[in-house]
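J.: Sharing a structure below in structure tokens format, with a few things to ask.
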Number of protein chains: 2
Amino acid sequence: MDRQRGINSPNPLKVIIIGAGNVAWHLAGAIKEPYGRVEAVFSRNRTHASQVALRSATGVPVTDIASLPRDGHVYLIAVPDDAIASVAARMPQVRGVVAHTSGTLPIDALKNVVCGGYGSFYPLQTFTAGKETDMRAVPFFIESSNSLASETLDTLARTISDHVYPADSRIRAQIHLAAVFASNFSNGLWGVASDILSQSGLSLNVLAPLLHETLDKAIAIGPDAAQTGPAKRGDTQTIQKHLDRLETPELKELYSNLTNLIIKRQCQK
Amino acid sequence: MDRQRGINSPNPLKVIIIGAGNVAWHLAGAIKEPYGRVEAVFSRNRTHASQVALRSATGVPVTDIASLPRDGHVYLIAVPDDAIASVAARMPQVRGVVAHTSGTLPIDALKNVVCGGYGSFYPLQTFTAGKETDMRAVPFFIESSNSLASETLDTLARTISDHVYPADSRIRAQIHLAAVFASNFSNGLWGVASDILSQSGLSLNVLAPLLHETLDKAIAIGPDAAQTGPAKRGDTQTIQKHLDRLETPELKELYSNLTNLIIKRQCQK
């Protein structure tokens with residue numbers, strides 16, 4: 001099966017979306033006939049359910065979880081991690097595949113509350129409400145409890161994205177850890193940079209072209225080959241000047257640790 | 001004076017480029033008639049001088065620094081920091097403004113070797129040889145020894161970029177420190193992420209859409225508002241799992257430092 005399924009088969013995959021947050025909103029816009037069709041969107045909040053249903057063009061908003069359609073092929077639970085098991089437990093019994101969209105929760109969280117196949121349907125992206133994202137570029141990681149679930153979730157993911165990978169809980173945990181270093185921690189460093197610039201009346205905007213170029217280069221040739229700066233050059237004079245300039249022991253320690261990281265990585269190349 | 005100078009004045013600013021590296025190559029392509037005109041490009045290596053001269057369309061390659069044209073309005077010294085003073089000392093005496101393109105070197109490095117006005121002409125970008133860059137988006141930081149140098153360098157910069165700022169050595173040092181945190185250190189973290197992903201047979205490419213979106217969001221709404229992840233959520237369970245999963249004491253310490261940084265920044269908001 002592949003993304004052409006809708007053409008070969010007269011019936012699109014019927015999808016029920018549970019949750020009405022950013023992930024739900026983006027999935028609703030990306031599941032399209034003839035490959036898939038959003039049948040319903042559940043949220044206890046009618047306005048939220050309606051917004052995501054509207055985004056899907058075909059789904060109806062549902063505010064009582066017991067009255068969800070029971071003939072769906074896929075039920076996507078796109079709610080915060082700590083609510084997934086309880087939401088799944090309140091769902092009506094269905095024969096379709098039930099999957100959460102979490103990067104970190106094992107699929108066994110669904111084991112005792114779902115009758116049929118279950119799994120994880122994890123899009124690796126940070127979604128912003130109302131802001132369009134190129135979903136075909138977003139990697140999807142799929143884990144499944146059985147072959148029907150695997151085939152169904154894989155097929156649905158391929159109708160949305162060009163980058164679909166199998167990934168068990170261990171691999172998803174690795175991906176999540178990598179994303180914390182690459183995305184969350186870099187963002188924290190941009191906060192430090194922003195503070196330093198503000199001391200000179202400048203904003204992070206002045207670094208935007210540099211940061212876009214740095215990222216493009218790291219993706220294109222790998223971060224080690226793309227590395228620049230005083231740590232890479234072994235420019236101890238500049239490193240010492242920077243340490244003197246930093247105001248708190250925490251920032252000095254962070255600077256030293258990151259400098260040592262880069263020096264060590266360059267040695268190991 | 002502004003970037004319209006070339007229209008108001010019959011004579012474009014005559015520019016001599018000293019050096020034939022990445023910065024020189026990109027400046028040579030960005031200085032254009034009627035506003036400016038590259039007259040000559042110096043490198044001891046004839047091939048390099050010719051490549052940059054060709055890029056400028058108007059400049060001639062020069063391999064003997066003593067035979068540089070003496071009637072230039074601006075001499076841009078685009079060589080590594082530790083070579084700037086010695087290159088400047090070997091230049092013929094000229095009446096034009098002499099500027100280096102360094103983010104870190106004080107302009108006084110040119111004080112005793114230049115007859116007329118001098119300064120810094122610093123484009124904040126990481127340049128790659130042969131790869132086009134939108135120079136109008138690159139911020140230029142200008143420092144000058146006198147008003148003629150200031151006016152001349154500012155005018156030339158505005159013919160290249162829409163983002164020109166005055167910046168003395170102290171401000172440039174702050175910008176450079178901010179760039180090390182935002183660009184060099186983030187790149188180091190992408191290296192860590194790349195290693196973690198490779199343990200699951202994945203490459204940094206799977207994080208590319210996430211990282212582009214993270215950067216766009218940080219620039220648009222500021223890094224503190226854009227922050228996501230376990231540190232931001234105070235998700236101590238995930239943080240502990242990540243620490244257990246990391247293999248070296250250095251990475252564990254780095255994870256803790258960066259997590260504490262984010263927690264502290266969120267508290268201070």
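Going by the structure tokens order, chains are called A, B, ..., each with residues numbered from 1, while ligands are numbered from 1 in the order shown.
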What would chain B look like once superposed on chain A, with the fit done by least squares over all C-alpha atoms paired in order? Give it as a PDB file with C-alpha atoms, in the first residue's frame.
T.:
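Listed below is the output, selection17.pdb:
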```
ATOM      1  CA  MET B   1      -0.178  -0.111   0.035  1.00  0.00           C
ATOM      2  CA  ASP B   2       1.039   3.382  -0.607  1.00  0.00           C
ATOM      3  CA  ARG B   3      -0.243   6.907  -0.902  1.00  0.00           C
ATOM      4  CA  GLN B   4      -2.031   5.904  -4.127  1.00  0.00           C
ATOM      5  CA  ARG B   5      -4.454   3.826  -2.049  1.00  0.00           C
ATOM      6  CA  GLY B   6      -7.268   6.291  -2.532  1.00  0.00           C
ATOM      7  CA  ILE B   7      -7.015   5.886  -6.277  1.00  0.00           C
ATOM      8  CA  ASN B   8      -6.876   2.083  -6.233  1.00  0.00           C
ATOM      9  CA  SER B   9      -9.567   1.819  -3.595  1.00  0.00           C
ATOM     10  CA  PRO B  10     -12.956   3.491  -3.848  1.00  0.00           C
ATOM     11  CA  ASN B  11     -12.921   4.272  -0.138  1.00  0.00           C
ATOM     12  CA  PRO B  12     -10.612   6.805   1.502  1.00  0.00           C
ATOM     13  CA  LEU B  13      -9.283   5.983   4.984  1.00  0.00           C
ATOM     14  CA  LYS B  14     -11.864   7.294   7.441  1.00  0.00           C
ATOM     15  CA  VAL B  15     -10.061   9.233  10.174  1.00  0.00           C
ATOM     16  CA  ILE B  16     -11.377  10.424  13.530  1.00  0.00           C
ATOM     17  CA  ILE B  17      -9.313  13.092  15.269  1.00  0.00           C
ATOM     18  CA  ILE B  18      -9.445  13.210  19.048  1.00  0.00           C
ATOM     19  CA  GLY B  19      -8.186  16.523  20.401  1.00  0.00           C
ATOM     20  CA  ALA B  20      -8.273  20.028  18.965  1.00  0.00           C
ATOM     21  CA  GLY B  21      -4.835  21.488  19.645  1.00  0.00           C
ATOM     22  CA  ASN B  22      -2.042  22.437  17.263  1.00  0.00           C
ATOM     23  CA  VAL B  23      -1.230  18.868  16.178  1.00  0.00           C
ATOM     24  CA  ALA B  24      -4.907  18.108  15.559  1.00  0.00           C
ATOM     25  CA  TRP B  25      -5.351  21.326  13.534  1.00  0.00           C
ATOM     26  CA  HIS B  26      -2.383  20.518  11.291  1.00  0.00           C
ATOM     27  CA  LEU B  27      -3.367  16.860  10.802  1.00  0.00           C
ATOM     28  CA  ALA B  28      -6.929  17.910   9.964  1.00  0.00           C
ATOM     29  CA  GLY B  29      -5.629  20.103   7.145  1.00  0.00           C
ATOM     30  CA  ALA B  30      -3.293  17.429   5.795  1.00  0.00           C
ATOM     31  CA  ILE B  31      -5.666  14.452   5.589  1.00  0.00           C
ATOM     32  CA  LYS B  32      -7.401  14.850   2.238  1.00  0.00           C
ATOM     33  CA  GLU B  33      -9.588  12.943  -0.155  1.00  0.00           C
ATOM     34  CA  PRO B  34      -9.232  10.775  -2.120  1.00  0.00           C
ATOM     35  CA  TYR B  35      -6.605   9.239   0.215  1.00  0.00           C
ATOM     36  CA  GLY B  36      -8.129  10.001   3.575  1.00  0.00           C
ATOM     37  CA  ARG B  37     -11.182  11.736   4.956  1.00  0.00           C
ATOM     38  CA  VAL B  38     -11.657  13.272   8.385  1.00  0.00           C
ATOM     39  CA  GLU B  39     -15.040  12.068   9.637  1.00  0.00           C
ATOM     40  CA  ALA B  40     -15.152  13.702  13.056  1.00  0.00           C
ATOM     41  CA  VAL B  41     -13.170  15.860  15.455  1.00  0.00           C
ATOM     42  CA  PHE B  42     -13.613  15.468  19.203  1.00  0.00           C
ATOM     43  CA  SER B  43     -13.060  18.131  21.826  1.00  0.00           C
ATOM     44  CA  ARG B  44     -15.107  18.856  24.939  1.00  0.00           C
ATOM     45  CA  ASN B  45     -14.853  22.481  23.850  1.00  0.00           C
ATOM     46  CA  ARG B  46     -17.316  22.973  20.979  1.00  0.00           C
ATOM     47  CA  THR B  47     -15.498  25.993  19.536  1.00  0.00           C
ATOM     48  CA  HIS B  48     -12.200  24.099  19.379  1.00  0.00           C
ATOM     49  CA  ALA B  49     -13.824  21.000  17.885  1.00  0.00           C
ATOM     50  CA  SER B  50     -15.534  23.174  15.262  1.00  0.00           C
ATOM     51  CA  GLN B  51     -12.332  25.000  14.346  1.00  0.00           C
ATOM     52  CA  VAL B  52     -10.461  21.773  13.658  1.00  0.00           C
ATOM     53  CA  ALA B  53     -13.462  20.205  11.911  1.00  0.00           C
ATOM     54  CA  LEU B  54     -13.704  23.285   9.688  1.00  0.00           C
ATOM     55  CA  ARG B  55     -10.013  22.997   8.903  1.00  0.00           C
ATOM     56  CA  SER B  56     -10.599  19.419   7.704  1.00  0.00           C
ATOM     57  CA  ALA B  57     -13.504  20.495   5.444  1.00  0.00           C
ATOM     58  CA  THR B  58     -15.235  17.099   5.912  1.00  0.00           C
ATOM     59  CA  GLY B  59     -15.280  16.387   9.650  1.00  0.00           C
ATOM     60  CA  VAL B  60     -18.112  17.056  12.070  1.00  0.00           C
ATOM     61  CA  PRO B  61     -17.398  18.453  15.531  1.00  0.00           C
ATOM     62  CA  VAL B  62     -18.170  16.072  18.413  1.00  0.00           C
ATOM     63  CA  THR B  63     -18.181  17.119  22.080  1.00  0.00           C
ATOM     64  CA  ASP B  64     -19.335  13.819  23.626  1.00  0.00           C
ATOM     65  CA  ILE B  65     -16.604  11.217  23.183  1.00  0.00           C
ATOM     66  CA  ALA B  66     -19.126   8.376  23.524  1.00  0.00           C
ATOM     67  CA  SER B  67     -20.845   9.483  20.328  1.00  0.00           C
ATOM     68  CA  LEU B  68     -17.785   9.273  18.098  1.00  0.00           C
ATOM     69  CA  PRO B  69     -18.339   7.375  14.820  1.00  0.00           C
ATOM     70  CA  ARG B  70     -17.465   3.686  15.319  1.00  0.00           C
ATOM     71  CA  ASP B  71     -16.665   2.813  11.738  1.00  0.00           C
ATOM     72  CA  GLY B  72     -13.424   4.823  11.408  1.00  0.00           C
ATOM     73  CA  HIS B  73     -10.287   3.192  10.054  1.00  0.00           C
ATOM     74  CA  VAL B  74      -7.983   5.346  12.213  1.00  0.00           C
ATOM     75  CA  TYR B  75      -8.506   7.187  15.527  1.00  0.00           C
ATOM     76  CA  LEU B  76      -5.746   9.715  16.122  1.00  0.00           C
ATOM     77  CA  ILE B  77      -5.403  10.816  19.751  1.00  0.00           C
ATOM     78  CA  ALA B  78      -3.719  14.229  19.575  1.00  0.00           C
ATOM     79  CA  VAL B  79      -3.857  15.368  23.210  1.00  0.00           C
ATOM     80  CA  PRO B  80      -1.115  16.055  25.803  1.00  0.00           C
ATOM     81  CA  ASP B  81       0.856  12.940  26.857  1.00  0.00           C
ATOM     82  CA  ASP B  82      -0.592  12.762  30.353  1.00  0.00           C
ATOM     83  CA  ALA B  83      -4.181  12.771  29.031  1.00  0.00           C
ATOM     84  CA  ILE B  84      -3.763  10.091  26.343  1.00  0.00           C
ATOM     85  CA  ALA B  85      -4.514   6.983  28.419  1.00  0.00           C
ATOM     86  CA  SER B  86      -7.597   8.452  30.073  1.00  0.00           C
ATOM     87  CA  VAL B  87      -9.002   9.786  26.805  1.00  0.00           C
ATOM     88  CA  ALA B  88      -8.429   6.397  25.165  1.00  0.00           C
ATOM     89  CA  ALA B  89     -10.230   4.674  28.055  1.00  0.00           C
ATOM     90  CA  ARG B  90     -13.321   6.839  27.534  1.00  0.00           C
ATOM     91  CA  MET B  91     -13.539   6.152  23.798  1.00  0.00           C
ATOM     92  CA  PRO B  92     -16.279   3.829  22.542  1.00  0.00           C
ATOM     93  CA  GLN B  93     -15.106   0.363  21.508  1.00  0.00           C
ATOM     94  CA  VAL B  94     -14.003   0.568  17.893  1.00  0.00           C
ATOM     95  CA  ARG B  95     -12.501  -1.855  15.380  1.00  0.00           C
ATOM     96  CA  GLY B  96     -10.268   0.748  13.768  1.00  0.00           C
ATOM     97  CA  VAL B  97      -6.649   1.420  14.634  1.00  0.00           C
ATOM     98  CA  VAL B  98      -6.093   3.783  17.583  1.00  0.00           C
ATOM     99  CA  ALA B  99      -2.860   5.787  17.615  1.00  0.00           C
ATOM    100  CA  HIS B 100      -1.452   8.577  19.737  1.00  0.00           C
ATOM    101  CA  THR B 101       0.733  11.341  18.299  1.00  0.00           C
ATOM    102  CA  SER B 102       3.281  11.439  21.129  1.00  0.00           C
ATOM    103  CA  GLY B 103       7.029  11.305  20.619  1.00  0.00           C
ATOM    104  CA  THR B 104       7.718   9.944  24.078  1.00  0.00           C
ATOM    105  CA  LEU B 105       4.805   7.779  25.266  1.00  0.00           C
ATOM    106  CA  PRO B 106       5.199   4.015  24.641  1.00  0.00           C
ATOM    107  CA  ILE B 107       2.356   2.533  22.615  1.00  0.00           C
ATOM    108  CA  ASP B 108       1.634   0.148  25.504  1.00  0.00           C
ATOM    109  CA  ALA B 109      -0.139   3.095  27.129  1.00  0.00           C
ATOM    110  CA  LEU B 110      -3.007   2.096  24.785  1.00  0.00           C
ATOM    111  CA  LYS B 111      -2.706  -1.666  25.332  1.00  0.00           C
ATOM    112  CA  ASN B 112      -5.402  -2.195  27.942  1.00  0.00           C
ATOM    113  CA  VAL B 113      -7.902   0.368  26.696  1.00  0.00           C
ATOM    114  CA  VAL B 114      -8.113  -0.407  22.983  1.00  0.00           C
ATOM    115  CA  CYS B 115      -9.769  -3.456  21.433  1.00  0.00           C
ATOM    116  CA  GLY B 116      -8.013  -3.648  18.067  1.00  0.00           C
ATOM    117  CA  GLY B 117      -4.665  -2.552  16.725  1.00  0.00           C
ATOM    118  CA  TYR B 118      -2.941   0.464  18.191  1.00  0.00           C
ATOM    119  CA  GLY B 119       0.203   2.470  17.721  1.00  0.00           C
ATOM    120  CA  SER B 120       1.998   5.771  17.547  1.00  0.00           C
ATOM    121  CA  PHE B 121       1.656   8.307  14.733  1.00  0.00           C
ATOM    122  CA  TYR B 122       4.293  10.899  15.615  1.00  0.00           C
ATOM    123  CA  PRO B 123       4.936  13.988  13.457  1.00  0.00           C
ATOM    124  CA  LEU B 124       8.344  15.480  14.347  1.00  0.00           C
ATOM    125  CA  GLN B 125       7.578  19.194  14.193  1.00  0.00           C
ATOM    126  CA  THR B 126       6.662  22.066  16.478  1.00  0.00           C
ATOM    127  CA  PHE B 127       3.272  23.239  15.308  1.00  0.00           C
ATOM    128  CA  THR B 128       1.868  26.725  15.706  1.00  0.00           C
ATOM    129  CA  ALA B 129      -1.866  27.268  15.653  1.00  0.00           C
ATOM    130  CA  GLY B 130      -3.060  28.823  12.409  1.00  0.00           C
ATOM    131  CA  LYS B 131       0.406  28.852  10.795  1.00  0.00           C
ATOM    132  CA  GLU B 132       0.709  26.703   7.664  1.00  0.00           C
ATOM    133  CA  THR B 133       3.443  24.058   7.655  1.00  0.00           C
ATOM    134  CA  ASP B 134       4.689  22.032   4.697  1.00  0.00           C
ATOM    135  CA  MET B 135       3.412  18.705   6.007  1.00  0.00           C
ATOM    136  CA  ARG B 136       4.998  16.718   3.145  1.00  0.00           C
ATOM    137  CA  ALA B 137       8.391  17.695   4.634  1.00  0.00           C
ATOM    138  CA  VAL B 138       7.500  16.697   8.209  1.00  0.00           C
ATOM    139  CA  PRO B 139       8.934  13.295   9.230  1.00  0.00           C
ATOM    140  CA  PHE B 140       6.374  10.858  10.648  1.00  0.00           C
ATOM    141  CA  PHE B 141       7.454   8.014  12.941  1.00  0.00           C
ATOM    142  CA  ILE B 142       5.174   4.993  13.133  1.00  0.00           C
ATOM    143  CA  GLU B 143       4.986   2.203  15.686  1.00  0.00           C
ATOM    144  CA  SER B 144       2.264  -0.432  15.649  1.00  0.00           C
ATOM    145  CA  SER B 145       0.954  -3.294  17.754  1.00  0.00           C
ATOM    146  CA  ASN B 146       0.148  -5.541  14.778  1.00  0.00           C
ATOM    147  CA  SER B 147       0.427  -5.725  10.998  1.00  0.00           C
ATOM    148  CA  LEU B 148      -3.014  -4.224  10.273  1.00  0.00           C
ATOM    149  CA  ALA B 149      -2.180  -1.214  12.466  1.00  0.00           C
ATOM    150  CA  SER B 150       1.234  -0.949  10.828  1.00  0.00           C
ATOM    151  CA  GLU B 151      -0.167  -1.063   7.304  1.00  0.00           C
ATOM    152  CA  THR B 152      -2.992   1.376   8.073  1.00  0.00           C
ATOM    153  CA  LEU B 153      -0.892   3.976   9.916  1.00  0.00           C
ATOM    154  CA  ASP B 154       1.914   3.751   7.354  1.00  0.00           C
ATOM    155  CA  THR B 155      -0.568   4.268   4.518  1.00  0.00           C
ATOM    156  CA  LEU B 156      -2.182   7.245   6.207  1.00  0.00           C
ATOM    157  CA  ALA B 157       1.204   8.814   7.012  1.00  0.00           C
ATOM    158  CA  ARG B 158       2.335   8.488   3.376  1.00  0.00           C
ATOM    159  CA  THR B 159      -0.744  10.369   2.215  1.00  0.00           C
ATOM    160  CA  ILE B 160       0.457  13.263   4.393  1.00  0.00           C
ATOM    161  CA  SER B 161       4.256  13.208   4.247  1.00  0.00           C
ATOM    162  CA  ASP B 162       7.132  12.122   2.018  1.00  0.00           C
ATOM    163  CA  HIS B 163       9.161  11.102   5.082  1.00  0.00           C
ATOM    164  CA  VAL B 164       7.668   8.153   6.965  1.00  0.00           C
ATOM    165  CA  TYR B 165       9.814   5.913   9.160  1.00  0.00           C
ATOM    166  CA  PRO B 166       9.129   2.969  11.434  1.00  0.00           C
ATOM    167  CA  ALA B 167      10.279   3.797  14.983  1.00  0.00           C
ATOM    168  CA  ASP B 168       9.779   1.825  18.169  1.00  0.00           C
ATOM    169  CA  SER B 169       9.654   3.508  21.587  1.00  0.00           C
ATOM    170  CA  ARG B 170      13.429   3.309  21.993  1.00  0.00           C
ATOM    171  CA  ILE B 171      14.067   5.068  18.669  1.00  0.00           C
ATOM    172  CA  ARG B 172      11.404   7.694  19.384  1.00  0.00           C
ATOM    173  CA  ALA B 173      13.048   8.350  22.740  1.00  0.00           C
ATOM    174  CA  GLN B 174      16.392   8.850  20.962  1.00  0.00           C
ATOM    175  CA  ILE B 175      14.766  11.203  18.431  1.00  0.00           C
ATOM    176  CA  HIS B 176      13.147  13.161  21.240  1.00  0.00           C
ATOM    177  CA  LEU B 177      16.442  13.469  23.113  1.00  0.00           C
ATOM    178  CA  ALA B 178      18.153  14.632  19.912  1.00  0.00           C
ATOM    179  CA  ALA B 179      15.374  17.172  19.348  1.00  0.00           C
ATOM    180  CA  VAL B 180      15.812  18.543  22.873  1.00  0.00           C
ATOM    181  CA  PHE B 181      19.512  19.174  22.215  1.00  0.00           C
ATOM    182  CA  ALA B 182      19.016  20.507  18.687  1.00  0.00           C
ATOM    183  CA  SER B 183      15.842  22.538  19.108  1.00  0.00           C
ATOM    184  CA  ASN B 184      15.016  23.316  22.775  1.00  0.00           C
ATOM    185  CA  PHE B 185      18.607  23.895  23.882  1.00  0.00           C
ATOM    186  CA  SER B 186      19.559  25.927  20.792  1.00  0.00           C
ATOM    187  CA  ASN B 187      16.518  28.075  21.453  1.00  0.00           C
ATOM    188  CA  GLY B 188      17.779  28.586  25.026  1.00  0.00           C
ATOM    189  CA  LEU B 189      21.129  29.762  23.625  1.00  0.00           C
ATOM    190  CA  TRP B 190      19.304  32.172  21.294  1.00  0.00           C
ATOM    191  CA  GLY B 191      17.770  33.602  24.467  1.00  0.00           C
ATOM    192  CA  VAL B 192      21.256  34.201  25.882  1.00  0.00           C
ATOM    193  CA  ALA B 193      22.338  35.812  22.605  1.00  0.00           C
ATOM    194  CA  SER B 194      19.228  37.975  22.644  1.00  0.00           C
ATOM    195  CA  ASP B 195      20.122  39.263  26.145  1.00  0.00           C
ATOM    196  CA  ILE B 196      23.706  40.042  25.103  1.00  0.00           C
ATOM    197  CA  LEU B 197      22.518  41.925  22.002  1.00  0.00           C
ATOM    198  CA  SER B 198      19.943  43.899  23.998  1.00  0.00           C
ATOM    199  CA  GLN B 199      22.804  45.351  26.068  1.00  0.00           C
ATOM    200  CA  SER B 200      23.856  47.094  22.836  1.00  0.00           C
ATOM    201  CA  GLY B 201      20.321  48.050  21.878  1.00  0.00           C
ATOM    202  CA  LEU B 202      20.136  45.324  19.217  1.00  0.00           C
ATOM    203  CA  SER B 203      17.645  42.485  18.775  1.00  0.00           C
ATOM    204  CA  LEU B 204      18.096  38.856  17.743  1.00  0.00           C
ATOM    205  CA  ASN B 205      16.955  39.938  14.261  1.00  0.00           C
ATOM    206  CA  VAL B 206      20.513  41.045  13.425  1.00  0.00           C
ATOM    207  CA  LEU B 207      21.591  37.406  13.782  1.00  0.00           C
ATOM    208  CA  ALA B 208      18.752  35.987  11.656  1.00  0.00           C
ATOM    209  CA  PRO B 209      20.661  35.740   8.338  1.00  0.00           C
ATOM    210  CA  LEU B 210      23.665  34.208  10.133  1.00  0.00           C
ATOM    211  CA  LEU B 211      21.508  31.647  11.956  1.00  0.00           C
ATOM    212  CA  HIS B 212      19.602  30.619   8.816  1.00  0.00           C
ATOM    213  CA  GLU B 213      22.892  30.165   6.967  1.00  0.00           C
ATOM    214  CA  THR B 214      24.453  28.250   9.892  1.00  0.00           C
ATOM    215  CA  LEU B 215      21.490  25.868   9.968  1.00  0.00           C
ATOM    216  CA  ASP B 216      21.458  25.362   6.194  1.00  0.00           C
ATOM    217  CA  LYS B 217      25.169  24.579   6.260  1.00  0.00           C
ATOM    218  CA  ALA B 218      24.893  22.148   9.200  1.00  0.00           C
ATOM    219  CA  ILE B 219      22.126  20.239   7.414  1.00  0.00           C
ATOM    220  CA  ALA B 220      23.967  20.282   4.068  1.00  0.00           C
ATOM    221  CA  ILE B 221      27.469  19.213   5.124  1.00  0.00           C
ATOM    222  CA  GLY B 222      27.011  18.095   8.764  1.00  0.00           C
ATOM    223  CA  PRO B 223      27.615  20.155  11.931  1.00  0.00           C
ATOM    224  CA  ASP B 224      31.242  19.091  12.434  1.00  0.00           C
ATOM    225  CA  ALA B 225      32.324  20.158   8.943  1.00  0.00           C
ATOM    226  CA  ALA B 226      30.230  23.330   9.249  1.00  0.00           C
ATOM    227  CA  GLN B 227      31.649  24.356  12.642  1.00  0.00           C
ATOM    228  CA  THR B 228      33.234  27.819  12.834  1.00  0.00           C
ATOM    229  CA  GLY B 229      34.220  30.157  15.667  1.00  0.00           C
ATOM    230  CA  PRO B 230      36.918  30.596  18.318  1.00  0.00           C
ATOM    231  CA  ALA B 231      36.539  27.079  19.792  1.00  0.00           C
ATOM    232  CA  LYS B 232      36.936  25.521  16.340  1.00  0.00           C
ATOM    233  CA  ARG B 233      39.995  27.709  15.606  1.00  0.00           C
ATOM    234  CA  GLY B 234      41.512  27.097  19.043  1.00  0.00           C
ATOM    235  CA  ASP B 235      41.540  30.899  19.485  1.00  0.00           C
ATOM    236  CA  THR B 236      42.234  30.911  23.246  1.00  0.00           C
ATOM    237  CA  GLN B 237      42.669  34.693  23.352  1.00  0.00           C
ATOM    238  CA  THR B 238      39.119  35.344  22.108  1.00  0.00           C
ATOM    239  CA  ILE B 239      37.739  32.571  24.343  1.00  0.00           C
ATOM    240  CA  GLN B 240      39.325  34.240  27.401  1.00  0.00           C
ATOM    241  CA  LYS B 241      37.982  37.664  26.373  1.00  0.00           C
ATOM    242  CA  HIS B 242      34.496  36.192  26.060  1.00  0.00           C
ATOM    243  CA  LEU B 243      34.732  34.506  29.482  1.00  0.00           C
ATOM    244  CA  ASP B 244      35.836  37.834  31.024  1.00  0.00           C
ATOM    245  CA  ARG B 245      32.913  39.600  29.369  1.00  0.00           C
ATOM    246  CA  LEU B 246      30.217  37.195  30.661  1.00  0.00           C
ATOM    247  CA  GLU B 247      28.562  38.389  33.840  1.00  0.00           C
ATOM    248  CA  THR B 248      27.361  35.298  35.717  1.00  0.00           C
ATOM    249  CA  PRO B 249      29.178  32.122  36.829  1.00  0.00           C
ATOM    250  CA  GLU B 250      26.417  30.082  35.123  1.00  0.00           C
ATOM    251  CA  LEU B 251      27.055  31.693  31.729  1.00  0.00           C
ATOM    252  CA  LYS B 252      30.824  31.354  32.139  1.00  0.00           C
ATOM    253  CA  GLU B 253      30.400  27.642  32.917  1.00  0.00           C
ATOM    254  CA  LEU B 254      28.026  27.165  29.987  1.00  0.00           C
ATOM    255  CA  TYR B 255      30.468  28.936  27.647  1.00  0.00           C
ATOM    256  CA  SER B 256      33.305  26.683  28.873  1.00  0.00           C
ATOM    257  CA  ASN B 257      31.224  23.503  28.551  1.00  0.00           C
ATOM    258  CA  LEU B 258      30.175  24.305  25.005  1.00  0.00           C
ATOM    259  CA  THR B 259      33.663  25.416  23.987  1.00  0.00           C
ATOM    260  CA  ASN B 260      35.108  22.151  25.350  1.00  0.00           C
ATOM    261  CA  LEU B 261      32.403  20.196  23.536  1.00  0.00           C
ATOM    262  CA  ILE B 262      33.380  21.768  20.213  1.00  0.00           C
ATOM    263  CA  ILE B 263      37.139  21.339  20.821  1.00  0.00           C
ATOM    264  CA  LYS B 264      36.596  17.677  21.681  1.00  0.00           C
ATOM    265  CA  ARG B 265      34.384  17.060  18.639  1.00  0.00           C
ATOM    266  CA  GLN B 266      36.987  18.649  16.343  1.00  0.00           C
ATOM    267  CA  CYS B 267      39.731  16.410  17.855  1.00  0.00           C
ATOM    268  CA  GLN B 268      37.664  13.284  17.292  1.00  0.00           C
ATOM    269  CA  LYS B 269      37.070  14.009  13.614  1.00  0.00           C
TER     270      LYS B 269
END
```
J.: List every residue of stretch 87-205 of chain A that DSSP, applied to the backbone, labels as strand (DSSP E), and write the result as number ranges by chain.
T.: A: 97-100, 118-123, 140-144, 164-166
J.: Where in stretch 13-262 of chain A does DSSP assign helix (DSSP H, G or I), given as a VMD selection string?
T.: chain A and resid 22 to 30 46 to 56 65 to 67 81 to 90 107 to 110 135 to 137 147 to 160 169 to 198 204 to 221 223 to 226 230 to 233 236 to 245 249 to 262
